[in-house]
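Peer 1: Mind having a look at this structure? Questions to follow.
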Amino acid sequence: MPEKVHTHFGAEAESVPQQIPLTAASAPEEIGRKKKRGNKRKRDEPAEPQPPRDHEPIQSKKPAPAPPLLEEEAKPEAKPEEVPQRSLNKTAPKGKPNNKPKPLTDTKTNFTSLREKASILYEQRKKLPIFGHADEIRTKLREQDVMLLVGETGSGKSTQIPQFLVNEFWCRPTPAKVPQKDGSVKSMTVGGCIAITQPRRVAAISLARRVAEEMGTPLGSSSPASKVGYSVRFDTSTSPSTRVKFLTEGMLLQEMLHDPWLTRYSAIVVDEVHERGVNVDLTTGFLRNLVSGKREGRGGVPLKVVVMSATADMESLLGFFQEGFKSQPQLQNGEANGTAEEQKDEGSSKQISVCHIKGRQFPVQTIYSPEPVHDYVDAALKVIFQIHYKEPTPGDVLVFLTGQETVEALEKLVNEYAVGMDPSLPRIQVLPLFAALPQVAQQRVFAPAPPRTRKVILATNIAETSVTVSGVRYVVDCGKAKVKQFRTRLGLDSLLVKPISKSAAIQRKGRAGREAPGKCYRLYTESDYLTLDETNTPEILRCDLSQALLNMKARGVDDIVRFPFLTRPPREALEKALLQLLGIDALDESGGISEVGLKIAKLPLTPTLGRVLLAASEQGTECLLDVIDIISCLSVENIFLNTTSEEKKEAAEIARRDLYRREGDHLTMLSTVRAYAGENVDRKAWAERHLVSHRAMQSVMDVRKQLRSQCRQAKLLPRDDRLDQHFDTSPVPILQSFLCGFATNTARLVPDGSYRTVVGNQTVAIHPSSVLFGKKVEAIMYNEFVFTNRSYARGVSAVQMDWVGEALAGQ
DNA sequence: GAGCACTGC
């Protein structure tokens, strides 16, 4: 099987769509994980040696013609739009670590080739469906502060909207006088930058790269003149001149904790709202308060808000923002004087505009199963071969399944059947695709099929949003997905197979029509389809709300009941989260945020893990360092590789023997991080030897570094560098620190040999991935309580019942 | 005896 092992991933994924008419719109999406290392540039830019850069160079995969440069062309000309940028320089973000200007050896070459590239791209941009709407969008936003924009897949909204708006008069940095809490007035500059939020990091980065190309500007911190940057966790790349910034939703929320009025921005564009992650709901709530309030923190300078969605469910959003303008009388005269209702209504309709842009998709024919299907793996097998026998190549098949288990089962079946296939037919290449799959295996999906071969990609819903595979003309949709749902009453997460929504079904189907007309085989009947929910259940109805509530409290939202939720979670869920926050002292008795709560809110951790970190800091530096190592493991994917075969399992047991600790998973993680960090020769080889995920460990080290740095800033850790001298600390203070956050996540052994939760007396089994699996100890503490086939405790350590008693009494 | 997908100065 041909395998492109060291492919240049980002460029690979982007270069394919560039040859098809969907160009810019399909550029943003890539595989779901950033390649951090080994991302070195392989191709040289024309002529001059370039300084080292943090990020990928701005250039396309295709070797761009490098024209000889004329001297007069080479000067970066001062366009009118660059004038405001000078004043922006003064108010540029301070103290960002990443915007150190890099020396540019040949600025002239750089800028000219960038401009030429941009002018080529301009021809493509003009063909995007949204391009003709530029004036309309600009006009509407000059008059109104809020725009709701439905832009179907392929409309080009994510790349074009910021470019339409960046040179608008309202987008300039504006001097303003901002009243301070102490009654004084501060002169400052407000606005000048557009933020575009994305749910995923790769999307933020690749969109920034694309828009920088289109605007003919260097990307991010590569040049002080760069106008386009991005900001995601562990990787911020902006310059003093950044005017368009792509960031993750979480990053914007984090910025809002420090700058509640978003004074650096003239506009916030919230993209992919239809996905309805919990961060989008928080963002829209905060933004509604901001735009419909008096803007006092911005010195009266307006903030434009564009909310973008790929599906047409705009009515609820329209109602949502209208409600904001109605319920908070404000505006020009400043005083809320309770005047006539109709005045407010006028105000609200004038403030919001709606825009609908058609997408560009090829037609996709839908074929339903004539009768209900009980075994969708078997049904998928039949459809795959039906397609393969009937349909011409090229035309790859993308099958949506529910999880790794079904993917692997079907992979086996297809391979078995393919053996007996008519040899005159094209071959079949089966490619599994799920998040837990190692990176190299994921990348195989993107390599073009060998001659006379049809790719059959068996994917989880990773392929619905996070990963775009080119070449697909046939989609097989089982109509199901695994969904995580937090059960407030039981305090556990369940992960169950559920029917997808209509909009997810449409999204899956759309994957067949990106490059050519396609077909979508639905493994359910049309009447089943009609019974599906219209949209995905918003995450805010499915998750533990404690983190969201803590964020709101930290932002000064005292009255949760009056917070503008796009979808209001049930009272019970809110109360449960409040109780949980009270239990870890993040709130005081009146429900306001406490000192502890404020500290926790700023950490990139769940409130419980944040609480554990603070508790550990009271036990001394060593305990804190150890707990940081463990928390780092808990906040990334599983660090131990799954062992599929019996042989591998044995090998894993032996390889990991020196890492395992009988105290449980927490101490095992600690010894793993220590061993990995102590390996200075070849960490990758070390990880492979121990069947530890190198990818996961790299993330662990990123988190560890971030947490250590935050602890130093908060004076919880000393500033010296002697942090890696390990002494063998006692496990007791470590586990007791964990109990400060997880006192209610405990279970004791009962006479029949099972474990029962200390609070609630429910049966819980130790997850098979735990080092304590099959072991009997007095009591256990666990990080996660998950229901799949039965109730499992994951992330388990042995504790003593009297510690549990103390920790519970302490609450 | 088992692991949907994302994400955070």
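Ordered as shown in the structure tokens, chains take letters A, B, and onward, while each chain numbers its residues from 1 and ligands are numbered from 1 in the order shown.
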Name the residues in contact with DG3 (chain B) at a cut-off of 10 Å, using only C-alpha atoms (C1' of nucleotides), excluding same-chain residues fewer than 4 positions from it; report them as a list of chain:residue names.
Peer 2: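 The neighbour list is A:Gly403, A:Gln404, A:Glu405, A:Ala436, A:Glu637, A:Asn638, A:Asn642, A:Ser769.
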Peer 1: Kindly save the residues from that selection, with N, CA and C atoms included, as a PDB file, in the first residue's frame.
Peer 2:
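And here's again_27.pdb as it stands now:
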ATOM      1  N   GLY A 403     -18.235   4.487  15.651  1.00  0.00           N
ATOM      2  CA  GLY A 403     -17.054   4.486  16.509  1.00  0.00           C
ATOM      3  C   GLY A 403     -15.974   3.553  15.991  1.00  0.00           C
ATOM      4  N   GLN A 404     -14.897   3.507  16.726  1.00  0.00           N
ATOM      5  CA  GLN A 404     -13.757   2.690  16.339  1.00  0.00           C
ATOM      6  C   GLN A 404     -14.152   1.224  16.145  1.00  0.00           C
ATOM      7  N   GLU A 405     -15.007   0.757  17.035  1.00  0.00           N
ATOM      8  CA  GLU A 405     -15.381  -0.646  17.007  1.00  0.00           C
ATOM      9  C   GLU A 405     -16.059  -1.018  15.677  1.00  0.00           C
ATOM     10  N   ALA A 436      -8.715   8.509  17.419  1.00  0.00           N
ATOM     11  CA  ALA A 436      -7.690   7.819  18.195  1.00  0.00           C
ATOM     12  C   ALA A 436      -6.655   7.138  17.305  1.00  0.00           C
ATOM     13  N   GLU A 637      -5.859  13.540  25.663  1.00  0.00           N
ATOM     14  CA  GLU A 637      -6.352  12.200  25.332  1.00  0.00           C
ATOM     15  C   GLU A 637      -5.527  11.138  26.063  1.00  0.00           C
ATOM     16  N   ASN A 638      -5.945   9.921  25.985  1.00  0.00           N
ATOM     17  CA  ASN A 638      -5.268   8.829  26.664  1.00  0.00           C
ATOM     18  C   ASN A 638      -3.783   8.745  26.290  1.00  0.00           C
ATOM     19  N   ASN A 642      -3.724   2.078  22.782  1.00  0.00           N
ATOM     20  CA  ASN A 642      -4.617   0.937  22.909  1.00  0.00           C
ATOM     21  C   ASN A 642      -3.908  -0.302  22.418  1.00  0.00           C
ATOM     22  N   SER A 769      -9.155   0.142  31.269  1.00  0.00           N
ATOM     23  CA  SER A 769      -7.893   0.802  30.938  1.00  0.00           C
ATOM     24  C   SER A 769      -7.102   1.184  32.194  1.00  0.00           C
TER      25      SER A 769
END
Peer 1: Give the alpha helix (DSSP H) residues of region 286-498 of chain A, as DSSP finds them on the backbone, and put them as a PyMOL selection string.
Peer 2: chain A and resi 286-292+315-327+341-351+376-390+404-419+439-443+462-465
Peer 1: Specify as number ranges by chain all residues of chain A found within 7 Å of chain B, counting only C-alpha atoms (C1' of nucleotides).
Peer 2: A: 200, 233, 250-251, 254, 402-403, 461-462, 481-483, 604, 768-769
Peer 1: Would you mind exporting the chosen residues as a PDB file, in the first residue's frame, restricted to C-alpha atoms?
Peer 2:
ATOM      1  CA  ARG A 200     -11.299  24.256  16.031  1.00  0.00           C
ATOM      2  CA  ARG A 233      -3.933  27.641  22.630  1.00  0.00           C
ATOM      3  CA  GLY A 250     -12.139  29.434  23.884  1.00  0.00           C
ATOM      4  CA  MET A 251      -9.420  31.948  23.191  1.00  0.00           C
ATOM      5  CA  GLN A 254     -10.215  33.864  27.705  1.00  0.00           C
ATOM      6  CA  THR A 402     -20.392   5.391  15.038  1.00  0.00           C
ATOM      7  CA  GLY A 403     -17.054   4.486  16.509  1.00  0.00           C
ATOM      8  CA  ASN A 461     -18.096  11.798  12.623  1.00  0.00           C
ATOM      9  CA  ILE A 462     -14.569  13.194  12.594  1.00  0.00           C
ATOM     10  CA  ALA A 481     -23.454   8.810  16.051  1.00  0.00           C
ATOM     11  CA  LYS A 482     -22.087   8.441  19.532  1.00  0.00           C
ATOM     12  CA  VAL A 483     -23.181  11.335  21.676  1.00  0.00           C
ATOM     13  CA  PRO A 604      -7.202  26.225  31.300  1.00  0.00           C
ATOM     14  CA  PRO A 768     -10.430  -1.816  31.961  1.00  0.00           C
ATOM     15  CA  SER A 769      -7.893   0.802  30.938  1.00  0.00           C
TER      16      SER A 769
END
Peer 1: Do you know which residues are at most 6 Å from region 693-695 of chain A counting only C-alpha atoms (C1' of nucleotides), after dropping those on the same chain fewer than 3 positions away, and could you put them as a list in words?
Peer 2: Ile639, Phe640, Leu641, Lys684, Ala687 and Gln698 of chain A
Peer 1: Put those residues in a file: N, CA and C atoms, as a PDB file, in the first residue's frame.
Peer 2:
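Done, and the output landed in part.pdb:
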ATOM      1  N   ILE A 639      -2.921   8.731  27.290  1.00  0.00           N
ATOM      2  CA  ILE A 639      -1.491   8.704  26.979  1.00  0.00           C
ATOM      3  C   ILE A 639      -0.991   7.299  26.660  1.00  0.00           C
ATOM      4  N   PHE A 640      -1.751   6.302  27.048  1.00  0.00           N
ATOM      5  CA  PHE A 640      -1.338   4.930  26.746  1.00  0.00           C
ATOM      6  C   PHE A 640      -2.024   4.458  25.472  1.00  0.00           C
ATOM      7  N   LEU A 641      -1.235   3.860  24.591  1.00  0.00           N
ATOM      8  CA  LEU A 641      -1.801   3.386  23.337  1.00  0.00           C
ATOM      9  C   LEU A 641      -2.702   2.181  23.585  1.00  0.00           C
ATOM     10  N   LYS A 684      10.634  10.104  21.177  1.00  0.00           N
ATOM     11  CA  LYS A 684       9.702   9.373  20.317  1.00  0.00           C
ATOM     12  C   LYS A 684       9.956   7.868  20.431  1.00  0.00           C
ATOM     13  N   ALA A 687       8.757   6.597  23.695  1.00  0.00           N
ATOM     14  CA  ALA A 687       7.306   6.426  23.716  1.00  0.00           C
ATOM     15  C   ALA A 687       6.916   5.138  22.996  1.00  0.00           C
ATOM     16  N   GLN A 698       3.313  14.817  23.779  1.00  0.00           N
ATOM     17  CA  GLN A 698       3.680  16.168  23.357  1.00  0.00           C
ATOM     18  C   GLN A 698       2.664  17.179  23.875  1.00  0.00           C
TER      19      GLN A 698
END
Peer 1: Using only C-alpha atoms (C1' of nucleotides), which protein or nucleic acid residues come within 9 Å of Ala554 (chain A)? Drop anything in the same chain fewer than 3 positions from it, and give the result as a list in words.
Peer 2: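 Those residues are Leu257, Leu549, Leu550, Asn551, Val557, Asp558, Gly592, Ile593, Gly597, Leu598, Ala601 and Lys602 of chain A.
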Peer 1: Please report the interatomic distance between CA of Asp182 (chain A) and CA of Arg555 (chain A) in Å with one decimal.
Peer 2: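 Here the two named atoms are 18.8 Å from each other.
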Peer 1: Write out as a PyMOL selection string each polymer residue whose atoms come within 10 Å of Glu778 (chain A), counting only C-alpha atoms (C1' of nucleotides); drop sequence neighbours fewer than 5 positions from it.
Peer 2: chain A and resi 747-750+755+798-801
Peer 1: Keeping C-alpha atoms for every residue in the selection just given, could you write it to a file as a CSV table (one decimal), in the first residue's frame?
Peer 2:
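In the end it all went to part.csv:
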chain,number,residue,atom,x,y,z
A,747,ALA,CA,-16.5,4.7,45.8
A,748,ARG,CA,-16.0,2.0,48.5
A,749,LEU,CA,-15.6,-1.7,48.2
A,750,VAL,CA,-18.7,-3.5,49.4
A,755,TYR,CA,-17.7,-0.7,44.3
A,798,ALA,CA,-6.7,3.8,45.7
A,799,VAL,CA,-7.6,6.0,48.6
A,800,GLN,CA,-8.4,5.5,52.3
A,801,MET,CA,-12.0,6.0,53.5
Peer 1: Could you tell me how far CA of Val291 (chain A) sits from CA of Val305 (chain A), in Å to one decimal place?
Peer 2: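 CA of Val305 (chain A) sits 7.8 Å away from CA of Val291 (chain A).
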Peer 1: Smallest atom-to-atom distance to Gly620 (chain A): which of A:Leu582, A:Leu717, A:Met669, A:Val596, using only C-alpha atoms?
Peer 2: A:Leu717
